[in-house]
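Please read the structure below before turning to the comments.
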Amino acid sequence: MLGQIVLIYGILCIAICILGFQLLLPLAEKWIPGIWSHLAVAVTLLLALAPFLRAILVKKNKSEEFRTLWNAHPANRAPLAASIVIRFVIVMGFIFYVLGRLFHVSVVVILLLALAVVAYLMFGRWAKSSAHKIEETFFTNLNSREKRAEYLGQKKPEYASRLLDKDLHLSDFDLPADTEWAGCTLRELKLSQRFGIQVVAILRGGKRLNIPVADTRVFPHDRIQVVGSDAGLEAFGTELGKSSAGPLPEDFADQEVVLRRLPVTEDSPLANKTLKDSSIRNRYRCLVVGVEKEDGALHIPNPTIPFEKGDYLWIVGEKKDVEVMMTV
């Protein structure tokens with residue numbers, strides 16, 4: 001854990017230095033005269049680095065783990081002391097780098113300035129509070145991403161690994177789009193009685209329903225999280241696959257919806273009738289989507305305007321129904 005903190009905050013410090021010298025320093029030299037530009041950049045960079053350098057320097061030094069290891073055995077003290085020294089050297093290295101690039105003074109002066117900065121990092125209230133806020137924000141964001149992944153079913157819950165000791169497993173199953181289980185309640189499906197499994201959560205889009213009740217219904221594309229033995233989960237998965245509607249019917253092509261252009265002739269039973277009076281939808285199971293006039297203009301059907309001789313009706317319906325209507 002300590003190594004991760006040093007690595008992460010060290011990378012952030014490197015990024016701050018790069019941005020400071022490549023972007024901030026040229027701007028400061030352009031707008032601020034003389035040595036004041038370098039002084040402004042130095043103060044800005046050290047303030048930006050302060051929370052991260054302090055975390056590298058003092059993190060875990062007073063923790064319960066550190067004291068336990070220190071007191072447990074004398075052999076532990078040398079590595080612990082070495083870790084403190086290494087972190088001190090890293091922090092001094094960043095401060096030396098910033099001051100050395102900005103001020104051409106003796107090494108002794110830079111060393112004294114660096115020690116003063118380190119003393120401020122260790123005892124300054126602002127550095128301490130800023131470090132705590134940044135660390136708290138970082139781990140809050142990290143944990144929130146993990147919790148969100150768990151919430152959306154992209155990561156197994158924490159208790160999933162503990163189920164293995166009891167010969168139980170947590171698995172996710174997606175309901176097919178054409179499942180015959182769509183709209184059924186958990187009570188009707190009787191998953192516990194049939195397969196010996198328990199539904200612990202249902203994920204639907206961006207929503208999660210934990211511990212659903214027996215009256216909860218399932219729908220296509222639901223992701224169901226269930227707990228059970230290997231045999232029960234395997235049987236459930238097999239039955240779920242069989243719940244699909246199956247192969248397409250042989251007359252599936254005949255059920256295709258088609259669009260046809262039907263002329264209204266003088267002796268047509270549709271002539272001089274309104275859309276409402278013709279009962280095309282109820283009688284022929286077709287839909288009039290447009291009325292084309294003799295001038296070629298296409299109009300949205302008006303239920304109160306009669307069809308006239310010379311009109312063309314644009315009809316939509318199943319192929320067999322449209323063919324029947326075309327003979328009218």
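Letters A, B, ... go to the chains of the structure tokens in the order shown; residues in each chain start at 1; ligands are counted from 1 in the same order.
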
Neighbour list for Ile86 of chain A as a PyMOL selection string, cut-off 12 Å, only C-alpha atoms, skip fewer than 5 positions in-chain: chain A and resi 3+6+56-58+79-81+91-93

Need to verify the contact set: Glu234 of chain A, 12 Å, only C-alpha atoms, exclusion of same-chain residues closer than 2 positions in sequence. Can you return it as a PyMOL selection string? chain A and resi 169+171-173+195-197+226-232+236-241

Interatomic distance (Å, one decimal) between atom CA of Leu53 of chain A and atom CA of Pro74 of chain A: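 About the pair atom CA of Leu53 of chain A and atom CA of Pro74 of chain A: they are 28.6 Å apart.
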
Write out as a list in words the residues lying within 7 Å of segment 96-100 of chain A, counting only C-alpha atoms and excluding same-chain residues fewer than 6 positions away.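 Returned residues: Ala42, Ile110 and Ala114 of chain A.
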
Output file for the residues above (N, CA, C and O atoms, as a tab-separated table (two decimals), in the first residue's frame):
```
chain	number	residue	atom	x	y	z
A	42	ALA	N	8.47	29.19	-8.75
A	42	ALA	CA	8.93	28.33	-7.65
A	42	ALA	C	7.87	28.21	-6.57
A	42	ALA	O	7.57	27.10	-6.09
A	110	ILE	N	20.60	25.96	-1.71
A	110	ILE	CA	19.45	25.14	-2.13
A	110	ILE	C	19.14	24.10	-1.07
A	110	ILE	O	17.97	23.81	-0.78
A	114	ALA	N	15.67	23.69	0.75
A	114	ALA	CA	14.94	22.42	0.67
A	114	ALA	C	14.59	21.90	2.05
A	114	ALA	O	13.48	21.40	2.28
```

Residues at most 8 Å from Thr179 of chain A, counting only C-alpha atoms, excluding those fewer than 4 positions away in the same chain, as a list in words?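 Final neighbour list, sorted by chain and number: Leu175, Pro220, Leu240, Ser243, Ser244 and Ala245 of chain A.
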
Write a file of the selected residues as a short mmCIF file (atom, residue, chain, number, x, y, z; two decimals), in the first residue's frame, keeping N, CA, C and O atoms.
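Output file out.cif follows:
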```cif
data_model
loop_
_atom_site.label_atom_id
_atom_site.label_comp_id
_atom_site.auth_asym_id
_atom_site.auth_seq_id
_atom_site.Cartn_x
_atom_site.Cartn_y
_atom_site.Cartn_z
N LEU A 175 -31.45 -12.62 -19.81
CA LEU A 175 -32.66 -13.16 -20.42
C LEU A 175 -32.67 -12.81 -21.90
O LEU A 175 -32.47 -11.63 -22.27
N PRO A 220 -37.27 -9.20 -20.94
CA PRO A 220 -36.14 -9.45 -21.85
C PRO A 220 -34.99 -8.49 -21.58
O PRO A 220 -35.19 -7.33 -21.24
N LEU A 240 -32.99 -21.82 -19.28
CA LEU A 240 -33.11 -20.45 -19.76
C LEU A 240 -32.89 -20.39 -21.27
O LEU A 240 -33.58 -19.64 -21.98
N SER A 243 -35.91 -21.32 -23.10
CA SER A 243 -37.06 -20.42 -22.97
C SER A 243 -37.21 -19.48 -24.15
O SER A 243 -38.20 -18.75 -24.23
N SER A 244 -36.23 -19.47 -25.04
CA SER A 244 -36.37 -18.64 -26.24
C SER A 244 -37.54 -19.13 -27.07
O SER A 244 -37.94 -20.30 -27.00
N ALA A 245 -38.06 -18.24 -27.89
CA ALA A 245 -39.24 -18.57 -28.68
C ALA A 245 -38.99 -19.68 -29.68
O ALA A 245 -39.92 -20.28 -30.20
#
```

Separating atom CA of Arg101 of chain A from atom CA of His38 of chain A, to the nearest tenth of an Å, is a gap of 9.2 Å

Taking into account only C-alpha atoms, which residue in the set A:Leu209, A:Val117, A:Val200, A:Leu23 is nearest to Leu47 of chain A? A:Val117

If we count only C-alpha atoms and set the cut-off at 12 Å, which residues sit around Gln4 of chain A, ignoring sequence neighbours fewer than 5 positions away in its own chain? Please answer as a VMD selection string. chain A and resid 9 to 11 55 to 56 59

Pull N, CA, C and O atoms from the residues just selected and write them as a PDB file, in the first residue's frame.
```pdb
ATOM      1  N   TYR A   9       1.738   9.200  -6.160  1.00  0.00           N
ATOM      2  CA  TYR A   9       2.015  10.611  -5.887  1.00  0.00           C
ATOM      3  C   TYR A   9       3.313  11.059  -6.557  1.00  0.00           C
ATOM      4  O   TYR A   9       3.454  12.238  -6.918  1.00  0.00           O
ATOM      5  N   GLY A  10       4.264  10.152  -6.717  1.00  0.00           N
ATOM      6  CA  GLY A  10       5.481  10.504  -7.441  1.00  0.00           C
ATOM      7  C   GLY A  10       5.197  10.835  -8.899  1.00  0.00           C
ATOM      8  O   GLY A  10       5.746  11.795  -9.464  1.00  0.00           O
ATOM      9  N   ILE A  11       4.310  10.050  -9.528  1.00  0.00           N
ATOM     10  CA  ILE A  11       3.935  10.326 -10.915  1.00  0.00           C
ATOM     11  C   ILE A  11       3.211  11.670 -11.026  1.00  0.00           C
ATOM     12  O   ILE A  11       3.453  12.459 -11.956  1.00  0.00           O
ATOM     13  N   ALA A  55       2.516  13.665   1.644  1.00  0.00           N
ATOM     14  CA  ALA A  55       1.986  12.304   1.721  1.00  0.00           C
ATOM     15  C   ALA A  55       3.101  11.278   1.521  1.00  0.00           C
ATOM     16  O   ALA A  55       3.149  10.249   2.197  1.00  0.00           O
ATOM     17  N   ILE A  56       4.022  11.563   0.583  1.00  0.00           N
ATOM     18  CA  ILE A  56       5.153  10.653   0.370  1.00  0.00           C
ATOM     19  C   ILE A  56       6.047  10.607   1.607  1.00  0.00           C
ATOM     20  O   ILE A  56       6.543   9.548   2.005  1.00  0.00           O
ATOM     21  N   LYS A  59       3.435   9.606   5.206  1.00  0.00           N
ATOM     22  CA  LYS A  59       2.352   8.630   5.204  1.00  0.00           C
ATOM     23  C   LYS A  59       2.793   7.315   5.837  1.00  0.00           C
ATOM     24  O   LYS A  59       3.860   6.792   5.542  1.00  0.00           O
TER      25      LYS A  59
END
```

Using only C-alpha atoms, the shortest atom-to-atom distance to Thr185 of chain A among A:Leu102, A:Val41, A:Val218, A:Ala28 belongs to A:Val218

Could you state the separation of atom CA of Trp36 of chain A and atom CA of Ala119 of chain A in Å, given to one decimal place? 24.1 Å

Hey, which of A:Glu188, A:Ser37, A:Pro303, A:Ala214 ends up closest to Ser279 of chain A? Count only C-alpha atoms.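 Looking at the shortest contact to Ser279 of chain A, the residue is A:Pro303.
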
Can you tell me, as a ChimeraX atom specification, what residues are no more than 10 Å from Thr327 of chain A when counting only C-alpha atoms, ignoring any on the same chain fewer than 4 positions away? /A:262,268,322-323

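If you measure from each of A:Ser278, A:Arg54, A:Phe103, A:Glu318 to Ala40 of chain A using only C-alpha atoms, the closest one turns out to be A:Phe103.
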